[in-house]
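**Student:** The following block contains the structure, expressed as structure tokens.
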Amino acid sequence: MSAELATGVFSWLRRLGATVTGTVGKLGYASRFLIMVLVLSPHAFRRLHLTLREIYFAGVLSLVIILMSGLFVGMVLSLQGYEVLSRYGAGEQLGIMVALSLVRELGPVVAGLLFASRAGSAITAEIGLMKTTEQLAAMEMMAVDPVARVVAPRFWGGVISMPLLAALFSAMGIFGAYIVGVRLIGIDAGAFWGQMQAGVDFWPDVTNGIIKSVVFGLAVSIISVFEGYDAKPTAEGVSSATTRTVVISSLAILALDFVMTAFMFRGIGA
Amino acid sequence: MSAVTSASDAVFAPARRMDPSAAAIELVDVSFAYDKRPVLQGITMTVPRGKIVAIMGGSGGGKTTILRLIGGQLKPNSGNVLVAGQSVPDLEPEALYALRRRFGMLFQFGALFTDMSVFENIAFPMREHTELNEELIRDLVLMKLHAVGLRGAAAMMPTELSGGMARRVALARAIALDPMLVMYDEPFAGLDPISLGIIGQLIRRLNDALGTTSVVVTHDVYESLKIVDYMYFVSEGRIIASGTPESVRASTDPFVRQFVDGAPDGPVRFHYPAPPFRTQLLADVS
Ligand SMILES: Nc1ncnc2c1ncn2[C@@H]1O[C@H](COP(=O)(O)OP(=O)(O)O)[C@@H](O)[C@H]1O
Ligand SMILES: [Mg+2]
């Protein structure tokens, strides 16, 4: 019995060790891959149409979901926010509350999560499928580096699209809040916009939001292209790589958001 | 080189090797393993310039691996791969890419770029490696498509093509830059008899018209006998026989006969190695 237990523990330890070394190894590989992408990036900009095309696929085609979600999130924020604020007789402050939540937090984070599941998964699946069908190997044999030709434009397409999408998300959210707060609930429009204008600073509120969305864009884009490039060249390989992109990107966004928020607003408690 | 040589009668005695100065490709005692599993052992072969050489063998025999070694995507564990006199495993990435620019390769499943039209697929190597203007590229692409009989399909997307058409487009792309060497990985696999004949004839015609050297990897003995100049038979990672088509047809070598006649069992076993069936059936389920 105790021998059985010992073997059980050992095999568990061995699995744990293998998982840890495997994860560390993959992280190392991913970092090297990021450097390779950055080194080969001039290619993506010298042939701008390649990157523009990816901005279209990652950014423009994500517009509908981003705009719709922004509108609904803004409308819900407005309902919930007004309910709480009016308990303290501060219903007029709705504009500033909605705008700060969106610009600082919800815009980058929710847009990032949507971007990972809409565009990130598509990028992973596309690159993974190109690998499975030997298109990447074919490029290599034609003396064309697939990292420069396929990966770098998609990476930069994502990096450029993400902050723009986050900004549009926030703008749409504020519009949604306006519809609910001013048009439905009946807050004075002048108070709504005036409070917002007085209470939201470009520095640090808006810039911090922009910094967040840029970081999320970098994270989601590198995860998406890496998972695609690293996918096992089979149907299951591509499908599990796509899932990993969404899961890892989402966790990365939430974890990075906490870390960045802690640094950006650390004056609050003091 | 009139008689089929086989491993048993000292195939590669130097006197019987083809003239190396005329060789486009030479594999010298090449061994290769994926991780620890040996795939190729002591492969030595010569592909003379301007000829079509077939590498025959069953699936999983390491044929594609040989092409990857020639293209420098893999490095041998021992031995050497020479292409146009250059040692491929020792090339720096720059030099390797320069060499690959003179290669064309037809992948086993075509590997057409699915996000581009037929026209753009063939224009791809031209756009990547040359500064040709749009008009010239158009003319060249149409010429290549005309050569494979698919000028009318220029605007189609790869997903709209039949298997045989896709293979022909891939062929046109492989020869887009008039390569000195074209490698074909299973060009006949999964084609109907008509497409099969067309591809075979195209390989022969293009080779002779462009003065290229061709390596055809295949398990289709019947089709290759019609078009190639020389054949190597690979089984379990070794070259077991080689010869010209005439000598292959006349051969009495049991390996060669098994391939030519398509016999399920012979020197190449039907059964993957396993314990005796009786023992396995009688064993306890545990
Ligand atoms: N990337 C790889 N990793 C590990 N084993 C591989 C890989 N590619 C091929 N193999 C194995 O090597 C052997 C030879 O493969 P391959 O050269 O593709 O054979 P063929 O083209 O003759 O069918 C096969 O058993 C195959 O499973
Ligand atoms: Mg193969």
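Letters A, B, ... go to the chains of the structure tokens in the order shown; residues in each chain start at 1; ligands are counted from 1 in the same order.
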Kindly provide, as a PyMOL selection string, all nucleotide and amino acid residues lying within 10 Å of ligand 2, counting only C-alpha atoms and all ligand atoms.
**Tutor:** chain B and resi 57-67+107-109+185-186+217-219
**Student:** I need the residues from that last selection saved to file as a PDB file, in the first residue's frame (with C-alpha atoms), if you can.
**Tutor:**
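Ended up saving to selection03.pdb:
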ATOM      1  CA  GLY B  57       9.128   3.254 -51.648  1.00  0.00           C
ATOM      2  CA  GLY B  58       6.175   2.566 -49.416  1.00  0.00           C
ATOM      3  CA  SER B  59       4.525   5.160 -47.194  1.00  0.00           C
ATOM      4  CA  GLY B  60       6.554   6.087 -44.155  1.00  0.00           C
ATOM      5  CA  GLY B  61       9.734   4.856 -45.820  1.00  0.00           C
ATOM      6  CA  GLY B  62      11.444   8.223 -45.477  1.00  0.00           C
ATOM      7  CA  LYS B  63      10.976   9.587 -49.005  1.00  0.00           C
ATOM      8  CA  THR B  64       9.681  13.001 -47.963  1.00  0.00           C
ATOM      9  CA  THR B  65      12.476  13.121 -45.411  1.00  0.00           C
ATOM     10  CA  ILE B  66      15.017  12.769 -48.230  1.00  0.00           C
ATOM     11  CA  LEU B  67      13.476  15.789 -49.996  1.00  0.00           C
ATOM     12  CA  PHE B 107       4.340  19.421 -52.118  1.00  0.00           C
ATOM     13  CA  GLN B 108       2.476  16.219 -51.436  1.00  0.00           C
ATOM     14  CA  PHE B 109      -0.836  18.040 -51.049  1.00  0.00           C
ATOM     15  CA  ASP B 185       6.565  14.845 -53.537  1.00  0.00           C
ATOM     16  CA  GLU B 186       3.998  12.214 -54.515  1.00  0.00           C
ATOM     17  CA  VAL B 217       9.210  10.856 -54.918  1.00  0.00           C
ATOM     18  CA  THR B 218       6.418   8.368 -55.422  1.00  0.00           C
ATOM     19  CA  HIS B 219       5.018   4.947 -54.709  1.00  0.00           C
TER      20      HIS B 219
END
**Student:** Taking only residues of chain A that have an atom at most 12 Å from an atom of ligand 1, what is each one's shortest atom pair and its distance in Å to one decimal, using only C-alpha atoms and all ligand atoms, in chain and number order, as CSV?
**Tutor:**
residue,atom,partner,partner_atom_place_in_ligand_line,distance
A:Thr132,CA,ligand 1,1 (N),11.7
A:Glu134,CA,ligand 1,1 (N),11.9
A:Ala137,CA,ligand 1,1 (N),11.7
A:Lys232,CA,ligand 1,1 (N),10.0
A:Pro233,CA,ligand 1,1 (N),9.5
A:Thr234,CA,ligand 1,1 (N),11.8
**Student:** Residues of chain B within 6 Å of chain A, counting only C-alpha atoms, what are they? List them as a compact mmCIF listing (two decimals) with N, CA, C and O atoms, in the first residue's frame.
**Tutor:**
# COMPACT_ATOMS: atom_id res chain seq x y z
N TYR B 97 18.98 30.15 -48.41
CA TYR B 97 17.86 30.80 -49.08
C TYR B 97 18.20 31.11 -50.53
O TYR B 97 17.35 30.99 -51.42
N ARG B 100 17.77 27.94 -52.34
CA ARG B 100 16.37 27.55 -52.49
C ARG B 100 15.66 28.37 -53.55
O ARG B 100 14.64 27.94 -54.10
N ARG B 101 16.16 29.56 -53.81
CA ARG B 101 15.54 30.36 -54.87
C ARG B 101 15.66 29.68 -56.21
O ARG B 101 14.94 30.00 -57.14
N ALA B 111 -0.11 22.33 -51.34
CA ALA B 111 0.28 23.45 -50.48
C ALA B 111 0.08 24.79 -51.18
O ALA B 111 0.88 25.71 -51.04
**Student:** Quick check, in Å to one decimal: how far apart do CA of Val39 (chain B) and CA of Phe255 (chain B) lie?
**Tutor:**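 Distance reported for this atom pair: 18.9 Å.
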**Student:** Using DSSP assignments from the backbone, pull out every residue in region 139-282 of chain B that falls under strand (DSSP E or B) and give it to me as JSON, numbers by chain.
**Tutor:** {"B": [181, 182, 183, 184, 185, 213, 214, 215, 216, 217, 218, 230, 231, 232, 233, 234, 235, 238, 239, 240, 241, 242, 243]}
**Student:** Can you write out the residues you just picked, keeping C-alpha atoms, as a tab-separated table (two decimals), in the first residue's frame?
**Tutor:**
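This is the output file part.tsv:
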chain	number	residue	atom	x	y	z
B	181	LEU	CA	15.97	21.63	-59.68
B	182	VAL	CA	12.36	20.59	-59.15
B	183	MET	CA	11.36	18.17	-56.41
B	184	TYR	CA	8.01	16.42	-56.67
B	185	ASP	CA	6.57	14.85	-53.54
B	213	THR	CA	16.80	18.31	-62.99
B	214	SER	CA	13.89	16.54	-61.34
B	215	VAL	CA	13.50	14.32	-58.33
B	216	VAL	CA	10.18	12.50	-58.17
B	217	VAL	CA	9.21	10.86	-54.92
B	218	THR	CA	6.42	8.37	-55.42
B	230	TYR	CA	16.59	6.28	-63.18
B	231	MET	CA	14.98	4.88	-60.04
B	232	TYR	CA	16.04	4.25	-56.49
B	233	PHE	CA	14.04	1.88	-54.29
B	234	VAL	CA	13.96	2.83	-50.62
B	235	SER	CA	12.67	0.55	-47.90
B	238	ARG	CA	17.83	2.01	-46.92
B	239	ILE	CA	18.32	1.92	-50.65
B	240	ILE	CA	17.58	-1.65	-51.59
B	241	ALA	CA	17.84	-1.40	-55.36
B	242	SER	CA	18.31	1.03	-58.22
B	243	GLY	CA	18.32	1.03	-61.99
